[in-house]
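Structure file data_37.pdb with PDB, C-alpha atoms:
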ATOM      1  CA  MET A   1     -30.055 -34.847 -18.952
ATOM      2  CA  SER A   2     -28.584 -35.964 -22.228
ATOM      3  CA  GLU A   3     -31.426 -34.116 -23.919
ATOM      4  CA  SER A   4     -30.849 -30.828 -22.218
ATOM      5  CA  THR A   5     -31.500 -27.731 -24.225
ATOM      6  CA  PRO A   6     -28.408 -26.389 -25.963
ATOM      7  CA  ALA A   7     -27.140 -23.096 -24.584
ATOM      8  CA  THR A   8     -27.412 -21.412 -27.960
ATOM      9  CA  GLN A   9     -30.387 -21.803 -30.259
ATOM     10  CA  ALA A  10     -31.345 -20.304 -33.580
ATOM     11  CA  ALA A  11     -34.588 -18.923 -32.172
ATOM     12  CA  PRO A  12     -35.613 -18.674 -28.536
ATOM     13  CA  ALA A  13     -38.136 -21.364 -27.608
ATOM     14  CA  LYS A  14     -41.518 -20.055 -26.602
ATOM     15  CA  ASP A  15     -42.073 -20.078 -22.883
ATOM     16  CA  GLU A  16     -43.872 -23.212 -21.786
ATOM     17  CA  ALA A  17     -46.326 -21.324 -19.574
ATOM     18  CA  ILE A  18     -47.415 -19.250 -22.593
ATOM     19  CA  LEU A  19     -47.867 -22.354 -24.723
ATOM     20  CA  VAL A  20     -49.986 -23.956 -21.992
ATOM     21  CA  LYS A  21     -52.164 -20.847 -21.735
ATOM     22  CA  GLU A  22     -52.617 -20.756 -25.511
ATOM     23  CA  ALA A  23     -53.402 -24.480 -25.643
ATOM     24  CA  LYS A  24     -55.959 -24.084 -22.854
ATOM     25  CA  GLY A  25     -57.416 -21.212 -24.823
ATOM     26  CA  GLY A  26     -58.037 -23.586 -27.739
ATOM     27  CA  SER A  27     -54.854 -23.269 -29.816
ATOM     28  CA  TYR A  28     -54.169 -26.655 -31.382
ATOM     29  CA  GLU A  29     -50.812 -25.370 -32.689
ATOM     30  CA  ALA A  30     -49.695 -24.531 -29.145
ATOM     31  CA  PHE A  31     -50.710 -27.999 -27.974
ATOM     32  CA  GLU A  32     -48.800 -29.605 -30.837
ATOM     33  CA  GLU A  33     -45.720 -27.613 -29.861
ATOM     34  CA  LEU A  34     -46.006 -29.042 -26.340
ATOM     35  CA  VAL A  35     -46.269 -32.531 -27.872
ATOM     36  CA  ASN A  36     -43.120 -31.839 -29.905
ATOM     37  CA  ARG A  37     -41.249 -30.930 -26.749
ATOM     38  CA  TYR A  38     -42.063 -34.036 -24.761
ATOM     39  CA  GLU A  39     -42.865 -36.811 -27.250
ATOM     40  CA  LYS A  40     -39.359 -38.318 -27.076
ATOM     41  CA  LYS A  41     -39.389 -38.409 -23.296
ATOM     42  CA  ILE A  42     -42.858 -39.921 -23.085
ATOM     43  CA  TYR A  43     -41.976 -42.597 -25.641
ATOM     44  CA  ARG A  44     -38.835 -43.472 -23.690
ATOM     45  CA  LEU A  45     -40.870 -43.538 -20.481
ATOM     46  CA  GLY A  46     -43.380 -45.929 -22.090
ATOM     47  CA  LEU A  47     -40.565 -48.168 -23.289
ATOM     48  CA  ASN A  48     -38.926 -48.198 -19.895
ATOM     49  CA  ILE A  49     -42.103 -49.052 -18.014
ATOM     50  CA  THR A  50     -43.612 -51.574 -20.424
ATOM     51  CA  GLY A  51     -40.521 -52.903 -22.199
ATOM     52  CA  SER A  52     -42.510 -53.155 -25.424
ATOM     53  CA  PRO A  53     -42.322 -50.804 -28.441
ATOM     54  CA  GLU A  54     -45.993 -51.529 -29.286
ATOM     55  CA  ASP A  55     -47.155 -50.711 -25.760
ATOM     56  CA  ALA A  56     -44.874 -47.665 -25.681
ATOM     57  CA  GLU A  57     -46.567 -46.326 -28.811
ATOM     58  CA  ASP A  58     -49.996 -46.823 -27.231
ATOM     59  CA  VAL A  59     -48.765 -45.073 -24.081
ATOM     60  CA  LEU A  60     -47.480 -42.195 -26.208
ATOM     61  CA  GLN A  61     -50.765 -41.705 -28.072
ATOM     62  CA  GLU A  62     -53.037 -42.166 -25.056
ATOM     63  CA  THR A  63     -50.921 -39.873 -22.892
ATOM     64  CA  PHE A  64     -51.189 -36.915 -25.264
ATOM     65  CA  LEU A  65     -54.852 -37.583 -26.008
ATOM     66  CA  LYS A  66     -55.632 -37.548 -22.274
ATOM     67  CA  ALA A  67     -53.433 -34.487 -21.797
ATOM     68  CA  TYR A  68     -55.494 -32.682 -24.435
ATOM     69  CA  GLN A  69     -58.815 -33.846 -23.016
ATOM     70  CA  HIS A  70     -57.879 -32.891 -19.453
ATOM     71  CA  LEU A  71     -55.977 -29.709 -20.256
ATOM     72  CA  PRO A  72     -58.692 -27.488 -18.684
ATOM     73  CA  GLU A  73     -58.027 -29.276 -15.359
ATOM     74  CA  PHE A  74     -54.265 -28.649 -15.460
ATOM     75  CA  ARG A  75     -53.241 -26.282 -12.685
ATOM     76  CA  GLU A  76     -50.575 -23.985 -13.969
ATOM     77  CA  ASP A  77     -48.729 -23.773 -10.651
ATOM     78  CA  SER A  78     -47.034 -27.108 -11.442
ATOM     79  CA  ARG A  79     -44.778 -28.094 -14.348
ATOM     80  CA  PHE A  80     -46.597 -29.218 -17.483
ATOM     81  CA  TYR A  81     -43.900 -31.849 -18.017
ATOM     82  CA  THR A  82     -44.530 -33.405 -14.580
ATOM     83  CA  TRP A  83     -48.254 -33.457 -15.284
ATOM     84  CA  VAL A  84     -47.773 -35.208 -18.644
ATOM     85  CA  VAL A  85     -45.302 -37.666 -17.116
ATOM     86  CA  ARG A  86     -47.899 -38.515 -14.473
ATOM     87  CA  ILE A  87     -50.400 -39.367 -17.213
ATOM     88  CA  GLY A  88     -47.698 -41.371 -19.025
ATOM     89  CA  VAL A  89     -46.760 -43.367 -15.928
ATOM     90  CA  ASN A  90     -50.410 -44.204 -15.258
ATOM     91  CA  GLU A  91     -50.898 -45.306 -18.857
ATOM     92  CA  GLY A  92     -47.735 -47.422 -18.711
ATOM     93  CA  LEU A  93     -48.677 -49.100 -15.445
ATOM     94  CA  MET A  94     -52.183 -49.742 -16.763
ATOM     95  CA  LYS A  95     -50.657 -51.523 -19.754
ATOM     96  CA  LEU A  96     -48.604 -53.701 -17.437
ATOM     97  CA  ARG A  97     -51.603 -54.532 -15.269
ATOM     98  CA  ARG A  98     -53.627 -55.554 -18.305
ATOM     99  CA  ARG A  99     -50.811 -57.688 -19.589
ATOM    100  CA  ARG A 100     -50.327 -59.350 -16.227
ATOM    101  CA  SER A 101     -53.975 -59.614 -15.227
ATOM    102  CA  ASP A 102     -54.012 -63.337 -15.889
ATOM    103  CA  LYS A 103     -50.931 -63.865 -13.754
ATOM    104  CA  SER A 104     -52.049 -61.868 -10.684
ATOM    105  CA  VAL A 105     -48.705 -60.139 -10.341
ATOM    106  CA  PRO A 106     -49.022 -57.148  -8.012
ATOM    107  CA  LEU A 107     -47.380 -53.925  -9.104
ATOM    108  CA  ASP A 108     -46.828 -52.643  -5.586
ATOM    109  CA  ASP A 109     -43.711 -54.670  -4.917
ATOM    110  CA  GLN A 110     -43.101 -55.221  -1.238
ATOM    111  CA  VAL A 111     -39.765 -53.923  -0.054
ATOM    112  CA  ASP A 112     -38.090 -54.043   3.305
ATOM    113  CA  GLU A 113     -36.919 -50.447   3.553
ATOM    114  CA  GLU A 114     -34.601 -51.155   6.445
ATOM    115  CA  GLY A 115     -33.028 -54.178   4.814
ATOM    116  CA  THR A 116     -29.392 -53.969   3.814
ATOM    117  CA  VAL A 117     -28.104 -54.221   0.269
ATOM    118  CA  LYS A 118     -24.700 -55.767  -0.054
ATOM    119  CA  PRO A 119     -22.627 -55.177  -3.164
ATOM    120  CA  ARG A 120     -20.763 -58.273  -4.291
ATOM    121  CA  GLU A 121     -18.864 -56.970  -7.297
ATOM    122  CA  PHE A 122     -15.832 -54.868  -6.351
ATOM    123  CA  THR A 123     -13.808 -55.088  -9.545
ATOM    124  CA  ASP A 124     -13.549 -51.777 -11.368
ATOM    125  CA  TRP A 125     -15.040 -51.541 -14.859
ATOM    126  CA  LYS A 126     -13.197 -51.245 -18.113
ATOM    127  CA  PRO A 127     -12.923 -47.579 -19.116
ATOM    128  CA  ASN A 128     -15.923 -46.463 -21.225
ATOM    129  CA  PRO A 129     -17.348 -49.982 -21.578
ATOM    130  CA  GLU A 130     -20.207 -48.665 -23.752
ATOM    131  CA  GLN A 131     -17.703 -47.846 -26.493
ATOM    132  CA  LEU A 132     -16.646 -51.486 -26.713
ATOM    133  CA  LEU A 133     -20.119 -52.647 -27.673
ATOM    134  CA  ALA A 134     -22.482 -52.144 -30.587
ATOM    135  CA  GLN A 135     -25.350 -49.861 -29.554
ATOM    136  CA  SER A 136     -27.904 -52.653 -29.935
ATOM    137  CA  GLU A 137     -25.809 -54.933 -27.745
ATOM    138  CA  LEU A 138     -25.484 -52.271 -25.052
ATOM    139  CA  LYS A 139     -29.226 -51.626 -25.198
ATOM    140  CA  THR A 140     -29.976 -55.336 -24.722
ATOM    141  CA  ILE A 141     -27.685 -55.481 -21.683
ATOM    142  CA  LEU A 142     -29.280 -52.386 -20.106
ATOM    143  CA  ASP A 143     -32.814 -53.569 -20.906
ATOM    144  CA  ASN A 144     -32.228 -57.016 -19.440
ATOM    145  CA  ALA A 145     -30.851 -55.553 -16.222
ATOM    146  CA  ALA A 146     -33.786 -53.131 -15.951
ATOM    147  CA  ARG A 147     -36.332 -55.866 -16.706
ATOM    148  CA  ALA A 148     -34.952 -57.913 -13.809
ATOM    149  CA  LEU A 149     -35.988 -55.184 -11.342
ATOM    150  CA  PRO A 150     -39.397 -55.144  -9.651
ATOM    151  CA  THR A 151     -41.749 -52.732 -11.437
ATOM    152  CA  THR A 152     -41.762 -49.951  -8.865
ATOM    153  CA  PHE A 153     -37.977 -50.083  -8.459
ATOM    154  CA  ARG A 154     -37.592 -49.749 -12.208
ATOM    155  CA  THR A 155     -40.172 -46.966 -12.440
ATOM    156  CA  VAL A 156     -38.594 -45.013  -9.581
ATOM    157  CA  PHE A 157     -35.150 -45.378 -11.154
ATOM    158  CA  PHE A 158     -36.275 -44.095 -14.542
ATOM    159  CA  LEU A 159     -38.321 -41.230 -13.126
ATOM    160  CA  ARG A 160     -35.549 -40.036 -10.823
ATOM    161  CA  ASP A 161     -32.352 -40.789 -12.685
ATOM    162  CA  VAL A 162     -33.369 -40.690 -16.326
ATOM    163  CA  GLU A 163     -36.325 -38.285 -16.460
ATOM    164  CA  GLY A 164     -34.874 -36.075 -13.740
ATOM    165  CA  LEU A 165     -37.934 -35.809 -11.494
ATOM    166  CA  SER A 166     -37.344 -34.872  -7.866
ATOM    167  CA  THR A 167     -37.887 -37.286  -4.980
ATOM    168  CA  ALA A 168     -41.013 -35.346  -3.978
ATOM    169  CA  GLU A 169     -42.438 -35.392  -7.521
ATOM    170  CA  THR A 170     -41.752 -39.126  -7.883
ATOM    171  CA  ALA A 171     -43.296 -39.841  -4.484
ATOM    172  CA  GLU A 172     -46.460 -37.939  -5.322
ATOM    173  CA  LEU A 173     -46.715 -39.493  -8.748
ATOM    174  CA  LEU A 174     -46.416 -43.074  -7.534
ATOM    175  CA  GLY A 175     -48.311 -42.622  -4.270
ATOM    176  CA  LEU A 176     -45.236 -43.463  -2.189
ATOM    177  CA  THR A 177     -43.568 -41.674   0.708
ATOM    178  CA  GLU A 178     -40.304 -39.873  -0.040
ATOM    179  CA  SER A 179     -38.394 -42.350   2.106
ATOM    180  CA  ALA A 180     -39.945 -45.214   0.107
ATOM    181  CA  VAL A 181     -38.793 -43.558  -3.120
ATOM    182  CA  LYS A 182     -35.269 -43.188  -1.749
ATOM    183  CA  ALA A 183     -35.181 -46.813  -0.570
ATOM    184  CA  ARG A 184     -36.325 -48.099  -3.960
ATOM    185  CA  LEU A 185     -33.951 -45.840  -5.847
ATOM    186  CA  PHE A 186     -31.033 -46.977  -3.698
ATOM    187  CA  ARG A 187     -31.828 -50.636  -4.307
ATOM    188  CA  ALA A 188     -32.492 -50.147  -8.014
ATOM    189  CA  ARG A 189     -29.172 -48.353  -8.518
ATOM    190  CA  LEU A 190     -27.200 -50.986  -6.639
ATOM    191  CA  GLN A 191     -28.960 -53.892  -8.305
ATOM    192  CA  LEU A 192     -28.399 -52.449 -11.780
ATOM    193  CA  ARG A 193     -24.760 -51.760 -10.936
ATOM    194  CA  GLU A 194     -24.366 -55.326  -9.723
ATOM    195  CA  ASP A 195     -25.813 -56.767 -12.942
ATOM    196  CA  LEU A 196     -23.830 -54.460 -15.224
ATOM    197  CA  SER A 197     -20.620 -55.166 -13.289
ATOM    198  CA  LYS A 198     -20.823 -58.801 -14.347
ATOM    199  CA  VAL A 199     -20.577 -57.637 -17.969
ATOM    200  CA  PHE A 200     -18.368 -54.556 -17.726
ATOM    201  CA  LYS A 201     -15.775 -55.440 -15.086
ATOM    202  CA  ARG A 202     -12.128 -55.534 -16.023
ATOM    203  CA  GLY A 203     -11.020 -58.971 -17.066
ATOM    204  CA  SER A 204     -14.443 -59.993 -18.416
ATOM    205  CA  ASN A 205     -14.751 -60.929 -22.078
TER     206      ASN A 205
ATOM    207  CA  MET B   1     -16.964 -45.000   9.246
ATOM    208  CA  ARG B   2     -17.711 -48.581   8.209
ATOM    209  CA  CYS B   3     -18.237 -49.764   4.622
ATOM    210  CA  THR B   4     -21.846 -50.784   5.374
ATOM    211  CA  LYS B   5     -22.683 -47.236   6.451
ATOM    212  CA  VAL B   6     -20.919 -45.802   3.388
ATOM    213  CA  ILE B   7     -22.967 -48.031   1.052
ATOM    214  CA  GLN B   8     -26.185 -47.069   2.875
ATOM    215  CA  GLU B   9     -25.425 -43.386   2.284
ATOM    216  CA  LEU B  10     -24.087 -43.805  -1.251
ATOM    217  CA  SER B  11     -27.372 -43.058  -2.981
ATOM    218  CA  ASN B  12     -27.960 -39.906  -0.931
ATOM    219  CA  TYR B  13     -24.356 -38.874  -1.578
ATOM    220  CA  LEU B  14     -24.875 -39.211  -5.334
ATOM    221  CA  ASP B  15     -27.934 -36.972  -5.022
ATOM    222  CA  GLY B  16     -26.091 -34.407  -2.893
ATOM    223  CA  ASP B  17     -28.655 -35.144  -0.212
ATOM    224  CA  ILE B  18     -26.350 -35.390   2.820
ATOM    225  CA  ASP B  19     -25.003 -32.861   5.295
ATOM    226  CA  GLU B  20     -21.488 -31.502   5.074
ATOM    227  CA  THR B  21     -20.071 -33.451   8.039
ATOM    228  CA  LEU B  22     -21.260 -36.774   6.664
ATOM    229  CA  LYS B  23     -20.006 -35.821   3.221
ATOM    230  CA  GLN B  24     -16.520 -35.199   4.589
ATOM    231  CA  GLU B  25     -16.555 -38.559   6.380
ATOM    232  CA  LEU B  26     -17.630 -40.308   3.173
ATOM    233  CA  CYS B  27     -14.931 -38.596   1.113
ATOM    234  CA  THR B  28     -12.287 -39.582   3.645
ATOM    235  CA  HIS B  29     -13.500 -43.183   3.595
ATOM    236  CA  LEU B  30     -13.658 -43.344  -0.209
ATOM    237  CA  SER B  31     -10.107 -42.039  -0.537
ATOM    238  CA  LYS B  32      -8.877 -44.985   1.544
ATOM    239  CA  CYS B  33     -11.262 -47.786   0.555
ATOM    240  CA  ASP B  34     -10.924 -49.166  -2.986
ATOM    241  CA  HIS B  35     -14.038 -51.341  -2.726
ATOM    242  CA  CYS B  36     -16.353 -48.471  -1.764
ATOM    243  CA  GLN B  37     -14.749 -46.189  -4.352
ATOM    244  CA  VAL B  38     -15.435 -48.804  -7.063
ATOM    245  CA  VAL B  39     -19.045 -49.168  -5.930
ATOM    246  CA  PHE B  40     -19.457 -45.390  -5.968
ATOM    247  CA  ASP B  41     -17.823 -44.909  -9.397
ATOM    248  CA  THR B  42     -19.644 -47.786 -11.082
ATOM    249  CA  THR B  43     -23.010 -46.756  -9.627
ATOM    250  CA  ARG B  44     -22.516 -43.298 -11.068
ATOM    251  CA  LYS B  45     -21.495 -44.855 -14.402
ATOM    252  CA  THR B  46     -24.597 -47.085 -14.308
ATOM    253  CA  ILE B  47     -26.825 -44.002 -14.109
ATOM    254  CA  GLU B  48     -24.899 -42.335 -16.951
ATOM    255  CA  LEU B  49     -25.387 -45.335 -19.222
ATOM    256  CA  TYR B  50     -29.156 -45.293 -18.761
ATOM    257  CA  CYS B  51     -29.277 -41.550 -19.400
ATOM    258  CA  ASP B  52     -27.959 -41.953 -22.941
ATOM    259  CA  GLY B  53     -30.951 -40.648 -24.879
ATOM    260  CA  ALA B  54     -29.598 -42.072 -28.144
ATOM    261  CA  LEU B  55     -30.501 -45.573 -26.972
ATOM    262  CA  TYR B  56     -34.234 -44.895 -27.079
ATOM    263  CA  PRO B  57     -34.896 -42.769 -30.150
ATOM    264  CA  LEU B  58     -38.450 -42.005 -31.205
ATOM    265  CA  PRO B  59     -38.779 -43.701 -34.623
ATOM    266  CA  ASP B  60     -40.072 -41.439 -37.402
ATOM    267  CA  ASP B  61     -43.032 -43.708 -38.193
ATOM    268  CA  VAL B  62     -44.112 -43.765 -34.538
ATOM    269  CA  ARG B  63     -43.853 -39.982 -34.399
ATOM    270  CA  ASN B  64     -45.836 -39.595 -37.621
ATOM    271  CA  ARG B  65     -48.602 -41.884 -36.346
ATOM    272  CA  LEU B  66     -48.711 -39.923 -33.052
ATOM    273  CA  HIS B  67     -49.197 -36.629 -34.835
ATOM    274  CA  ALA B  68     -51.795 -38.075 -37.215
ATOM    275  CA  PHE B  69     -53.610 -39.551 -34.195
ATOM    276  CA  ILE B  70     -53.751 -36.391 -32.123
ATOM    277  CA  ARG B  71     -54.607 -34.296 -35.177
ATOM    278  CA  ARG B  72     -57.538 -36.612 -35.890
ATOM    279  CA  LYS B  73     -58.675 -36.692 -32.263
ATOM    280  CA  CYS B  74     -57.879 -33.178 -31.090
ATOM    281  CA  GLN B  75     -57.688 -30.684 -33.933
ATOM    282  CA  PRO B  76     -60.897 -28.663 -34.222
ATOM    283  CA  GLN B  77     -62.676 -29.357 -37.494
ATOM    284  CA  ARG B  78     -62.405 -26.400 -39.830
ATOM    285  CA  THR B  79     -65.516 -25.756 -41.906
TER     286      THR B  79
END

Can the structure in the file be given as structure tokens, please?
Amino acid sequence: MSESTPATQAAPAKDEAILVKEAKGGSYEAFEELVNRYEKKIYRLGLNITGSPEDAEDVLQETFLKAYQHLPEFREDSRFYTWVVRIGVNEGLMKLRRRRSDKSVPLDDQVDEEGTVKPREFTDWKPNPEQLLAQSELKTILDNAARALPTTFRTVFFLRDVEGLSTAETAELLGLTESAVKARLFRARLQLREDLSKVFKRGSN
Amino acid sequence: MRCTKVIQELSNYLDGDIDETLKQELCTHLSKCDHCQVVFDTTRKTIELYCDGALYPLPDDVRNRLHAFIRRKCQPQRT
């Protein structure tokens, strides 16, 4: 969203489908161009899932290595980006499982899809609260709120709202039904809003 | 329409995933209910804050190591 392609560019970007064909045909340069296009997004995805810069770097490297190794299996009727994100999500979740293996924390958070979510904060926010904070301070606030969410809520939120995947794509990627994705997204959005409201509401310090 | 119903539909409303009749009912409710309007506005702002790509830049050293890694692992050896 914030990384959308500018309307005017010095040179037209090569069509992704052509790059994929060339990469499948053995062009390393074409593959590297695909890496260039999505490396920022995959790094951000790794950070958002694992919460650790070290793990995010591992996710980044392993994702593109696996993408290269499995490129012959990529079916060109789907988006390359979605396919790479799928690999990235799996790598990120695997990192979390390894890290939590001694704590037996399940990743498939149970959620009552019919349960109600009740907002408690009704005070409007200060205008442009992000401009009142140093970037590092804002990042800490956002990270802490995201970390407080169950893993699948957080992952659904980032895939849908930050990476811009559709409900159907997110559902397929995480092995959830579309209604389960919507329920988790709804709760994630409201929970994050609730936490951020405590910091950003008018009258707060 | 009650506030509880409005909140339940808020996420779908943000995604444009509701029919026109329901959308009209929501708009009417929001124009009269400050609490629901605040929840709607601040939820939308929450999403905007997380979408700020500048918060999660890819550091140059991480990028350099990525490219060295995939070059080592993936680039065909030239003889």

What are the residues of chain B lining chain A at 6 Å or less? Count all atoms listed in the file, and put the answer as a list in words.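 Residues satisfying the distance criterion: Ser11, His35, Val38, Thr43, Thr46, Cys51, Gly53, Tyr56, Leu58, Leu66 and Gln75 of chain B.
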
Please, which residues are within 12 Å of (-37.4, -43.9, -3.9) by the file's coordinates, counting all atoms listed in the file, and could they come as a PyMOL selection string? (chain A and resi 111+113+152-161+165-189) or (chain B and resi 11-12+15)

So the first atom is atom CA of Tyr50 of chain B and the second is atom CA of Ile7 of chain B; what is the distance between them in Å, to one decimal place? 20.9 Å

Set the distance at 12 Å and use only C-alpha atoms: which residues neighbour Lys126 of chain A once local chain neighbours fewer than 5 positions away are removed? I'd like the list as a ChimeraX atom specification. /A:131-133,196-205 /B:38,41-42,45

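Within the 10 Å cut-off around segment 28-32 of chain B, using only C-alpha atoms and omitting residues fewer than 6 positions from it on the same chain, the listed residues are Met1, Arg2, Cys3, Val6, Leu22, Val38, Val39 and Phe40 of chain B.
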
Can I get the selection written as a PDB file, in the frame of the given file, with C-alpha atoms?
ATOM      1  CA  MET B   1     -16.964 -45.000   9.246  1.00  0.00           C
ATOM      2  CA  ARG B   2     -17.711 -48.581   8.209  1.00  0.00           C
ATOM      3  CA  CYS B   3     -18.237 -49.764   4.622  1.00  0.00           C
ATOM      4  CA  VAL B   6     -20.919 -45.802   3.388  1.00  0.00           C
ATOM      5  CA  LEU B  22     -21.260 -36.774   6.664  1.00  0.00           C
ATOM      6  CA  VAL B  38     -15.435 -48.804  -7.063  1.00  0.00           C
ATOM      7  CA  VAL B  39     -19.045 -49.168  -5.930  1.00  0.00           C
ATOM      8  CA  PHE B  40     -19.457 -45.390  -5.968  1.00  0.00           C
TER       9      PHE B  40
END

Could you jot down the atom CA of Leu10 of chain B to atom CA of Leu149 of chain A separation for me, Å, one decimal place? 19.3 Å

Just the number, please: distance in Å from atom CA of Ile49 of chain A to atom CA of Val89 of chain A, one decimal.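 Atom CA of Val89 of chain A lies at a distance of 7.6 Å from atom CA of Ile49 of chain A.
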
Contacts of Glu76 of chain A at 12 Å (only C-alpha atoms; same-chain gap of 2+ positions) as a list in words: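 Counting only the stated atoms, we get Glu16, Ala17, Ile18, Leu19, Val20, Lys21, Lys24, Leu71, Pro72, Glu73, Phe74, Ser78, Arg79, Phe80, Tyr81, Thr82 and Trp83 of chain A.
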